[in-house]
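One file, target17.txt, is given below (compact mmCIF, C-alpha atoms).
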```
# COMPACT_ATOMS: atom_id res chain seq x y z
CA MET S 1371 155.36 90.56 167.02
CA SER S 1372 152.02 90.17 165.25
CA GLN S 1373 151.40 87.12 163.10
CA TRP S 1374 151.23 89.21 159.93
CA LEU S 1375 154.56 90.94 160.64
CA SER S 1376 156.10 87.53 161.23
CA ILE S 1377 154.78 86.34 157.87
CA VAL S 1378 156.20 89.40 156.12
CA GLU S 1379 159.61 88.81 157.67
CA ARG S 1380 159.67 85.24 156.37
CA VAL S 1381 159.72 86.57 152.80
CA GLU S 1382 163.36 87.07 151.81
CA ALA S 1383 162.70 90.09 149.60
CA LEU S 1384 160.88 91.93 152.42
CA GLN S 1385 163.16 91.38 155.39
CA ASP S 1386 164.67 94.87 155.38
CA LEU S 1387 161.33 96.71 155.35
CA GLU S 1388 160.28 98.75 158.36
CA LEU S 1389 156.50 98.51 158.31
CA ASP S 1390 154.29 100.37 160.74
CA THR S 1391 153.51 97.82 163.46
CA ARG S 1392 150.31 99.46 164.65
CA LEU S 1393 149.00 99.79 161.11
CA VAL S 1394 149.75 96.14 160.28
CA GLU S 1395 148.06 94.97 163.48
CA SER S 1396 145.04 97.16 162.72
CA MET S 1397 144.86 95.84 159.16
CA ALA S 1398 144.97 92.25 160.40
CA ALA S 1399 142.08 92.87 162.79
CA ARG S 1400 140.01 94.78 160.25
CA HIS S 1401 140.67 92.26 157.49
CA GLY S 1402 139.55 89.46 159.79
CA ALA S 1403 136.21 91.20 160.25
CA LEU S 1404 135.56 91.74 156.54
CA ARG S 1405 132.68 89.99 154.83
CA GLY S 1406 132.55 90.23 151.07
CA GLU S 1407 133.10 88.11 148.00
CA ARG S 1408 136.16 90.15 146.91
CA VAL S 1409 138.15 89.91 150.10
CA ASP S 1410 140.56 86.98 149.70
CA GLY S 1411 141.48 86.68 146.02
CA ILE S 1412 144.40 88.49 144.42
CA ASN S 1413 145.50 88.71 140.79
CA PHE S 1414 148.97 89.91 139.85
CA TYR S 1415 148.75 91.81 136.55
CA THR S 1416 151.72 92.20 134.23
CA PRO S 1417 150.82 95.16 131.99
CA THR S 1418 152.21 94.63 128.54
CA PHE S 1419 152.89 98.23 127.60
CA LYS S 1420 156.09 97.95 129.66
CA ALA S 1421 158.73 95.26 129.73
CA TYR S 1422 158.38 93.54 133.07
CA SER S 1423 159.77 90.64 135.05
CA THR S 1424 160.67 89.75 138.64
CA SER S 1425 162.20 86.67 140.18
CA GLU S 1426 158.69 85.29 140.55
CA ILE S 1427 156.91 86.19 137.31
CA ALA S 1428 158.32 85.76 133.81
CA SER S 1429 158.16 88.69 131.39
CA CYS S 1430 155.31 88.93 128.92
CA GLY S 1431 154.86 90.45 125.47
CA LYS S 1432 154.89 94.18 124.86
CA SER S 1433 152.10 94.70 122.36
CA ALA S 1434 149.00 92.85 123.59
CA TRP S 1435 147.38 95.93 125.17
CA PRO S 1436 148.66 99.14 123.55
CA ALA S 1437 147.70 102.62 124.73
CA VAL S 1438 146.40 104.96 122.01
CA SER S 1439 145.83 108.73 122.25
CA ILE S 1440 143.47 110.60 119.92
CA THR S 1441 145.35 113.85 120.66
CA GLY S 1442 148.88 112.50 120.55
CA ALA S 1443 150.84 114.13 123.36
CA GLU S 1444 148.64 117.24 123.54
CA CYS S 1445 146.45 118.15 126.53
CA LYS S 1446 144.97 121.57 127.34
CA LEU S 1447 145.01 121.13 131.12
CA ALA S 1448 148.70 120.39 131.79
CA CYS S 1449 147.86 119.25 135.32
CA ASP S 1450 150.65 119.71 137.83
CA HIS S 1451 151.13 115.98 138.46
CA CYS S 1452 151.29 114.97 134.80
CA LYS S 1453 152.04 117.88 132.41
CA ALA S 1454 150.72 115.60 129.63
CA LYS S 1455 153.87 113.46 129.88
CA ILE S 1456 151.81 110.32 130.35
CA LEU S 1457 150.52 110.72 126.78
CA GLU S 1458 153.94 110.95 125.11
CA PRO S 1459 154.74 107.22 124.84
CA MET S 1460 151.26 106.34 123.58
CA ILE S 1461 150.46 105.57 119.95
CA PRO S 1462 148.97 108.71 118.34
CA ALA S 1463 145.74 108.39 116.32
CA ARG S 1464 144.58 111.95 115.74
CA THR S 1465 141.84 111.18 113.19
CA PRO S 1466 139.21 108.44 112.90
CA ASP S 1467 141.02 107.05 109.84
CA ALA S 1468 144.26 106.96 111.79
CA LEU S 1469 142.56 105.12 114.64
CA TRP S 1470 141.19 102.50 112.25
CA ARG S 1471 144.65 102.05 110.73
CA VAL S 1472 146.35 101.83 114.14
CA VAL S 1473 143.91 99.23 115.43
CA ASN S 1474 144.33 97.07 112.33
CA GLU S 1475 148.11 97.29 112.65
CA GLN S 1476 148.01 96.43 116.33
CA ILE S 1477 145.66 93.49 115.85
CA ALA S 1478 147.93 92.17 113.10
CA ALA S 1479 150.80 92.42 115.60
CA GLY S 1480 148.87 90.42 118.19
CA ALA S 1481 147.00 93.06 120.18
CA ARG S 1482 143.93 91.82 122.07
CA GLY S 1483 142.69 95.16 123.32
CA MET S 1484 143.67 98.76 123.90
CA LEU S 1485 143.43 101.70 126.22
CA LEU S 1486 141.93 104.59 124.24
CA THR S 1487 142.49 108.02 125.69
CA GLY S 1488 143.46 111.55 124.80
CA GLY S 1489 144.26 114.95 126.24
CA SER S 1490 141.46 116.99 127.76
CA ASN S 1491 140.02 120.32 126.73
CA HIS S 1492 139.71 123.14 129.27
CA ARG S 1493 136.59 121.53 130.77
CA ASN S 1494 138.27 118.15 131.39
CA GLU S 1495 136.50 116.53 128.44
CA VAL S 1496 138.17 114.33 125.83
CA GLU S 1497 136.56 115.18 122.49
CA TYR S 1498 135.74 111.71 121.15
CA GLY S 1499 132.75 112.87 119.06
CA PRO S 1500 134.22 112.21 115.58
CA PHE S 1501 135.66 108.88 116.75
CA TYR S 1502 132.49 107.10 117.93
CA PRO S 1503 131.59 105.73 114.46
CA VAL S 1504 135.02 104.17 113.97
CA ILE S 1505 134.98 102.75 117.51
CA ARG S 1506 131.65 101.12 116.60
CA ARG S 1507 133.21 99.85 113.37
CA ILE S 1508 136.15 98.38 115.29
CA LYS S 1509 133.86 96.55 117.70
CA ASP S 1510 131.64 95.26 114.88
CA THR S 1511 134.63 94.07 112.84
CA PHE S 1512 136.70 92.71 115.74
CA PRO S 1513 134.21 91.86 118.50
CA ALA S 1514 136.82 90.08 120.61
CA PHE S 1515 139.05 93.18 120.66
CA LYS S 1516 138.63 94.91 124.02
CA ILE S 1517 138.50 98.70 124.31
CA ALA S 1518 138.87 100.53 127.62
CA LEU S 1519 138.11 104.23 127.23
CA HIS S 1520 139.30 107.03 129.48
CA THR S 1521 136.14 109.11 129.60
CA ALA S 1522 137.11 112.25 131.54
CA LEU S 1523 133.98 114.20 132.53
CA VAL S 1524 130.75 113.35 130.71
CA ASN S 1525 127.05 114.15 130.69
CA ARG S 1526 124.23 111.68 130.13
CA ASP S 1527 124.24 112.11 126.35
CA ILE S 1528 127.98 111.50 126.05
CA ALA S 1529 127.76 108.47 128.34
CA ARG S 1530 125.04 107.01 126.07
CA ARG S 1531 127.15 107.67 122.97
CA MET S 1532 130.04 105.83 124.61
CA GLU S 1533 127.71 102.96 125.42
CA ASP S 1534 126.41 102.84 121.84
CA SER S 1535 129.96 102.79 120.46
CA GLY S 1536 130.48 99.39 122.04
CA ILE S 1537 133.45 100.06 124.33
CA ASP S 1538 134.06 97.43 126.98
CA ALA S 1539 135.09 99.57 129.95
CA ALA S 1540 134.76 103.24 130.90
CA MET S 1541 137.41 104.78 133.13
CA MET S 1542 137.56 108.16 134.85
CA ASP S 1543 139.47 109.77 137.70
CA VAL S 1544 137.25 110.53 140.68
CA ILE S 1545 138.41 113.63 142.58
CA GLY S 1546 136.84 114.47 145.91
CA ALA S 1547 138.46 117.81 146.85
CA GLN S 1548 137.64 121.16 145.29
CA ASP S 1549 141.11 122.55 146.05
CA THR S 1550 142.67 119.68 144.11
CA ILE S 1551 140.44 120.31 141.09
CA ARG S 1552 141.36 124.00 141.02
CA GLN S 1553 145.01 123.92 142.06
CA VAL S 1554 146.34 120.66 140.57
CA TYR S 1555 144.04 120.32 137.55
CA HIS S 1556 143.68 124.08 136.89
CA LEU S 1557 140.04 123.29 136.22
CA ARG S 1558 136.90 125.34 136.77
CA ARG S 1559 134.68 122.37 137.53
CA ASP S 1560 133.18 121.21 140.81
CA VAL S 1561 133.40 118.02 142.84
CA GLU S 1562 129.73 117.56 141.98
CA ASP S 1563 130.66 117.35 138.28
CA PHE S 1564 132.80 114.31 138.99
CA GLU S 1565 130.02 112.59 140.90
CA ALA S 1566 127.51 113.49 138.18
CA SER S 1567 129.80 111.95 135.54
CA LEU S 1568 130.17 108.81 137.62
CA ALA S 1569 126.39 108.61 137.99
CA CYS S 1570 125.88 108.99 134.22
CA LEU S 1571 128.34 106.20 133.47
CA THR S 1572 126.98 103.78 136.05
CA GLU S 1573 123.47 104.27 134.63
CA THR S 1574 124.63 102.68 131.37
CA SER S 1575 125.42 99.03 130.67
CA LEU S 1576 129.14 99.83 130.47
CA LYS S 1577 131.69 98.28 132.74
CA VAL S 1578 132.69 101.30 134.84
CA VAL S 1579 136.19 101.27 136.31
CA PRO S 1580 137.00 104.58 138.04
CA HIS S 1581 140.43 105.54 139.37
CA ILE S 1582 141.39 107.30 142.58
CA VAL S 1583 144.82 108.95 142.48
CA ILE S 1584 146.13 108.75 146.04
CA GLY S 1585 148.15 111.80 147.06
CA LEU S 1586 146.92 113.85 144.11
CA HIS S 1587 147.00 117.07 146.15
CA TYR S 1588 150.76 117.61 145.90
CA GLY S 1589 151.45 114.29 147.62
CA ARG S 1590 148.94 114.80 150.43
CA LEU S 1591 145.75 112.84 150.88
CA LEU S 1592 142.82 115.26 150.81
CA GLY S 1593 139.74 114.26 148.81
CA GLU S 1594 140.31 110.51 148.62
CA TRP S 1595 137.77 109.61 151.28
CA ASN S 1596 135.12 111.82 149.70
CA ALA S 1597 135.81 110.01 146.41
CA LEU S 1598 135.19 106.72 148.21
CA GLU S 1599 131.84 108.03 149.42
CA MET S 1600 130.89 108.85 145.82
CA LEU S 1601 131.74 105.30 144.81
CA LYS S 1602 129.63 103.89 147.61
CA ARG S 1603 126.69 105.89 146.24
CA HIS S 1604 127.41 104.82 142.63
CA PRO S 1605 129.03 101.38 142.87
CA PRO S 1606 131.41 100.65 139.98
CA ASP S 1607 132.34 97.32 138.42
CA ALA S 1608 135.88 97.71 139.74
CA LEU S 1609 138.07 100.39 141.29
CA VAL S 1610 141.69 101.10 140.36
CA LEU S 1611 143.86 102.86 142.92
CA VAL S 1612 147.10 104.54 141.84
CA VAL S 1613 149.60 106.60 143.82
CA VAL S 1614 150.74 109.94 142.46
CA MET S 1615 154.18 110.00 140.86
CA PRO S 1616 155.50 113.58 141.15
CA PHE S 1617 158.19 113.31 138.46
CA TYR S 1618 156.75 116.11 136.33
CA ALA S 1619 155.77 118.62 139.00
CA PRO S 1620 156.77 122.25 138.38
CA ALA S 1621 159.50 123.59 140.63
CA HIS S 1622 157.18 126.19 142.13
CA ARG S 1623 154.55 123.56 143.06
CA PRO S 1624 156.54 120.51 144.15
CA PHE S 1625 154.95 117.24 145.20
CA VAL S 1626 156.10 115.11 148.09
CA THR S 1627 156.10 111.34 147.86
CA PRO S 1628 152.99 110.09 149.70
CA ASP S 1629 153.72 108.33 152.98
CA PRO S 1630 153.31 104.57 152.35
CA LYS S 1631 151.68 104.20 155.77
CA GLU S 1632 148.96 106.70 154.85
CA VAL S 1633 148.52 104.97 151.51
CA GLY S 1634 148.20 101.62 153.27
CA ALA S 1635 145.60 102.98 155.67
CA PHE S 1636 143.58 104.25 152.71
CA PHE S 1637 143.82 100.84 151.05
CA MET S 1638 142.18 99.35 154.14
CA ASP S 1639 139.47 102.01 154.17
CA ALA S 1640 138.74 101.33 150.51
CA ARG S 1641 138.54 97.59 151.10
CA GLU S 1642 136.06 98.08 153.93
CA ALA S 1643 134.01 100.60 151.94
CA LEU S 1644 133.65 98.31 148.89
CA PRO S 1645 133.92 94.70 150.10
CA ASP S 1646 132.11 93.30 147.06
CA THR S 1647 133.96 95.34 144.43
CA PRO S 1648 137.26 94.32 142.80
CA ILE S 1649 139.88 96.84 143.96
CA LEU S 1650 143.13 96.95 142.05
CA LEU S 1651 146.45 98.73 142.54
CA GLY S 1652 147.38 100.15 139.15
CA CYS S 1653 150.75 100.69 137.49
CA ALA S 1654 151.38 104.23 138.69
CA ARG S 1655 153.07 104.48 142.07
CA PRO S 1656 156.47 105.60 143.38
CA ALA S 1657 159.45 103.38 142.68
CA GLY S 1658 162.00 101.79 144.97
CA ARG S 1659 161.46 101.08 148.63
CA ALA S 1660 158.23 103.09 148.74
CA LYS S 1661 156.74 100.88 146.03
CA THR S 1662 157.62 97.72 147.94
CA GLU S 1663 156.03 99.08 151.14
CA ILE S 1664 152.94 100.20 149.24
CA ASP S 1665 152.62 96.78 147.59
CA VAL S 1666 152.91 95.00 150.93
CA TYR S 1667 150.12 97.13 152.37
CA ALA S 1668 148.02 96.41 149.27
CA VAL S 1669 148.38 92.66 149.79
CA LEU S 1670 147.67 92.96 153.52
CA ALA S 1671 144.58 95.11 152.91
CA GLY S 1672 143.10 92.45 150.66
CA LEU S 1673 143.16 94.32 147.37
CA ASN S 1674 142.24 92.09 144.45
CA GLY S 1675 145.00 92.95 142.02
CA ILE S 1676 148.43 94.52 141.72
CA ALA S 1677 150.00 95.65 138.46
CA HIS S 1678 153.79 95.35 138.26
CA PRO S 1679 154.06 93.74 141.73
CA ALA S 1680 157.32 94.20 143.59
CA ASP S 1681 159.43 91.14 144.34
CA GLY S 1682 158.07 89.11 147.22
CA MET S 1683 154.40 89.94 146.71
CA VAL S 1684 153.44 86.58 145.22
CA GLU S 1685 155.05 84.67 148.06
CA LEU S 1686 153.54 87.01 150.66
CA ALA S 1687 150.07 86.48 149.24
CA VAL S 1688 150.60 82.71 149.24
CA ARG S 1689 151.82 82.72 152.83
CA LEU S 1690 148.73 84.73 153.85
CA GLY S 1691 146.52 82.05 152.33
CA ARG S 1692 145.15 84.16 149.48
CA ASP S 1693 143.96 82.67 146.19
CA VAL S 1694 146.66 83.79 143.76
CA ARG S 1695 146.43 84.23 139.98
CA VAL S 1696 148.48 85.93 137.29
CA THR S 1697 147.00 87.72 134.26
CA PRO S 1698 149.24 89.19 131.55
CA ALA S 1699 147.13 92.28 130.80
CA CYS S 1700 146.76 95.91 131.81
CA CYS S 1701 144.75 96.00 135.02
CA SER S 1702 142.74 98.93 133.71
CA ILE S 1703 141.63 96.86 130.75
CA ALA S 1704 141.36 93.37 132.14
CA VAL S 1705 140.48 94.16 135.75
CA GLY S 1706 140.29 90.44 136.12
CA ASP S 1707 138.06 88.06 134.28
CA GLU S 1708 135.30 89.06 136.70
CA VAL S 1709 135.00 92.48 135.03
CA LEU S 1710 135.52 92.01 131.32
CA GLY S 1711 134.83 88.31 131.17
CA LEU S 1712 138.21 87.33 129.79
CA GLU S 1713 137.50 83.65 130.16
CA SER S 1714 139.54 82.15 127.32
CA TYR S 1715 142.96 81.17 128.67
CA SER S 1716 145.05 78.58 126.86
CA SER S 1717 148.69 79.41 127.47
CA GLY S 1718 150.92 81.99 129.09
CA LEU S 1719 152.28 82.94 132.47
CA THR S 1720 152.35 80.63 135.43
CA ILE S 1721 153.39 81.02 139.05
CA ASP S 1722 156.30 78.71 139.83
CA ILE S 1723 156.02 78.47 143.60
CA ASP S 1724 158.81 75.90 143.76
CA ARG S 1725 161.09 78.44 142.09
CA VAL S 1726 160.12 81.06 144.64
CA ILE S 1727 160.92 78.68 147.49
CA GLU S 1728 164.19 77.57 145.89
CA GLU S 1729 165.31 81.18 145.51
CA GLU S 1730 164.39 81.92 149.12
CA ARG S 1731 166.35 78.87 150.30
CA ARG S 1732 169.36 79.83 148.23
CA ARG S 1733 169.46 83.33 149.65
CA ARG S 1734 168.89 82.31 153.24
CA ARG S 1735 170.87 79.05 153.09
CA ALA S 1736 168.07 77.24 154.87
CA PRO S 1737 168.00 73.45 155.38
CA ALA S 1738 166.51 71.42 152.53
CA GLY S 1739 163.15 70.91 154.21
CA ALA S 1740 162.56 74.44 155.43
CA GLY S 1741 160.21 77.04 154.06
CA ARG S 1742 157.81 74.70 152.28
CA LEU S 1743 154.51 76.35 151.38
CA ALA S 1744 152.72 73.05 150.76
CA GLY S 1745 148.99 72.94 151.23
CA ILE S 1746 148.34 76.56 150.24
CA ARG S 1747 146.19 76.69 147.14
CA VAL S 1748 147.41 78.70 144.16
CA VAL S 1749 145.18 79.28 141.16
CA VAL S 1750 147.11 79.93 137.97
CA SER S 1751 145.73 81.63 134.88
CA ALA S 1752 147.43 82.09 131.58
CA SER S 1753 147.33 84.62 128.78
CA PRO S 1754 144.12 85.13 126.80
CA GLY S 1755 143.99 82.69 123.91
```

Can you present the structure in this file as structure tokens?
Amino acid sequence: MSQWLSIVERVEALQDLELDTRLVESMAARHGALRGERVDGINFYTPTFKAYSTSEIASCGKSAWPAVSITGAECKLACDHCKAKILEPMIPARTPDALWRVVNEQIAAGARGMLLTGGSNHRNEVEYGPFYPVIRRIKDTFPAFKIALHTALVNRDIARRMEDSGIDAAMMDVIGAQDTIRQVYHLRRDVEDFEASLACLTETSLKVVPHIVIGLHYGRLLGEWNALEMLKRHPPDALVLVVVMPFYAPAHRPFVTPDPKEVGAFFMDAREALPDTPILLGCARPAGRAKTEIDVYAVLAGLNGIAHPADGMVELAVRLGRDVRVTPACCSIAVGDEVLGLESYSSGLTIDIDRVIEEERRRRRAPAGAGRLAGIRVVVSASPG
């Protein structure tokens, strides 16, 4: 048994997993050869737009980073993987005045930032035009309030308008397969349009945080590696990886759940392709056993952050000797203090390693001195002050 598999098996919550031995051994060898400043640190994010807790991480507040949609639940594309359902739980702000009111209400309730998004038109563009002045007003009035904007496709002029509005981070999905654009997104745009949008955004001073949706082509991996090549040509400030969740797929175009082993192999490819870029595993991924396997592969691959980590991930990262932190914020907004410079931490979540060990001992009925993780450094951050 490889050393890494042995480490995984020592984590109580992971003992029933059946990981791919050859993949784990390959990941261990490839990780050992990596050279890059983003290779060994990991931050466990607890997004606050969902209630969340595990045995290792206490729950955090629900309103610090709300998601706001300028179109409410409406989207012209109705992509096969989403059908606009992702917009439904978001706070609607359909006019600039409504956005100003929503932001003031959320700040009064304790919000420190927001995800601003909306449904796309038929060209995969979110029509923010009337909203740029109020976004600028929000940033001028509340400079500490962080805004991460889902850009969709843009040209150079739109990218500059976004930059002038003062947003803190620009996010877009990068799709690398023409068949996926046409069949899943129902969109008459080209792969080159996605790369051109990425280029326009990275030419600005904005923090650019693209997403790759793994398994977007009906659960199969198709254009993900081409998307990675685009990112190598236009390096972002951070990359968020998510795994398609086929809950809303139409009956005539069903999705399969992506194979966790294939997802894990892509994690390793991404880590090697961008060794100096923070790579984060976002909130969206299949639930249950598949999620736990995916999260294990994310930790093994050396990704820098996991949102909503499955039980056992903190301990696994500690046992692997990673520098571990916890940040109570949406990964797409915070992407670690290295991206948005969230440097003010005064109180909040901590990692109680002793509690993790105690729980492991209780479950496994180990002797009092067994399982100690002493000597492994853990860096703890707290909530933004």

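The environment of Pro1580 of chain S within 6 Å, counting all atoms listed in the file and disregarding residues fewer than 2 places along the same chain, consists of Met1541, Met1542, Asp1543 and Leu1609 of chain S.
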
**Item:** All residues 12 Å or closer to Leu1601 of chain S, all atoms listed in the file, same chain fewer than 5 positions away omitted, as a PyMOL selection string
**Value:** chain S and resi 1542-1546+1564-1569+1571-1572+1578-1582+1594-1596+1606-1610+1640+1643-1644+1647+1649

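One finds atom CA of Leu1519 of chain S at 19.1 Å from atom CA of His1492 of chain S.
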
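Closest approach to Gly1402 of chain S from the set S:Val1613, S:Leu1586, S:Leu1686, S:Met1638 is made by S:Met1638, with distances taken over all atoms listed in the file.
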
**Request:** Provide the atom CA of Ala1619 of chain S to atom CA of Glu1562 of chain S distance in Å, to one decimal place.
**Result:** 26.2 Å

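Each of S:Asn1494, S:Thr1465, S:Ala1635, S:Thr1487 was checked against Arg1392 of chain S using all atoms listed in the file; the smallest atom-to-atom distance is that of S:Ala1635.
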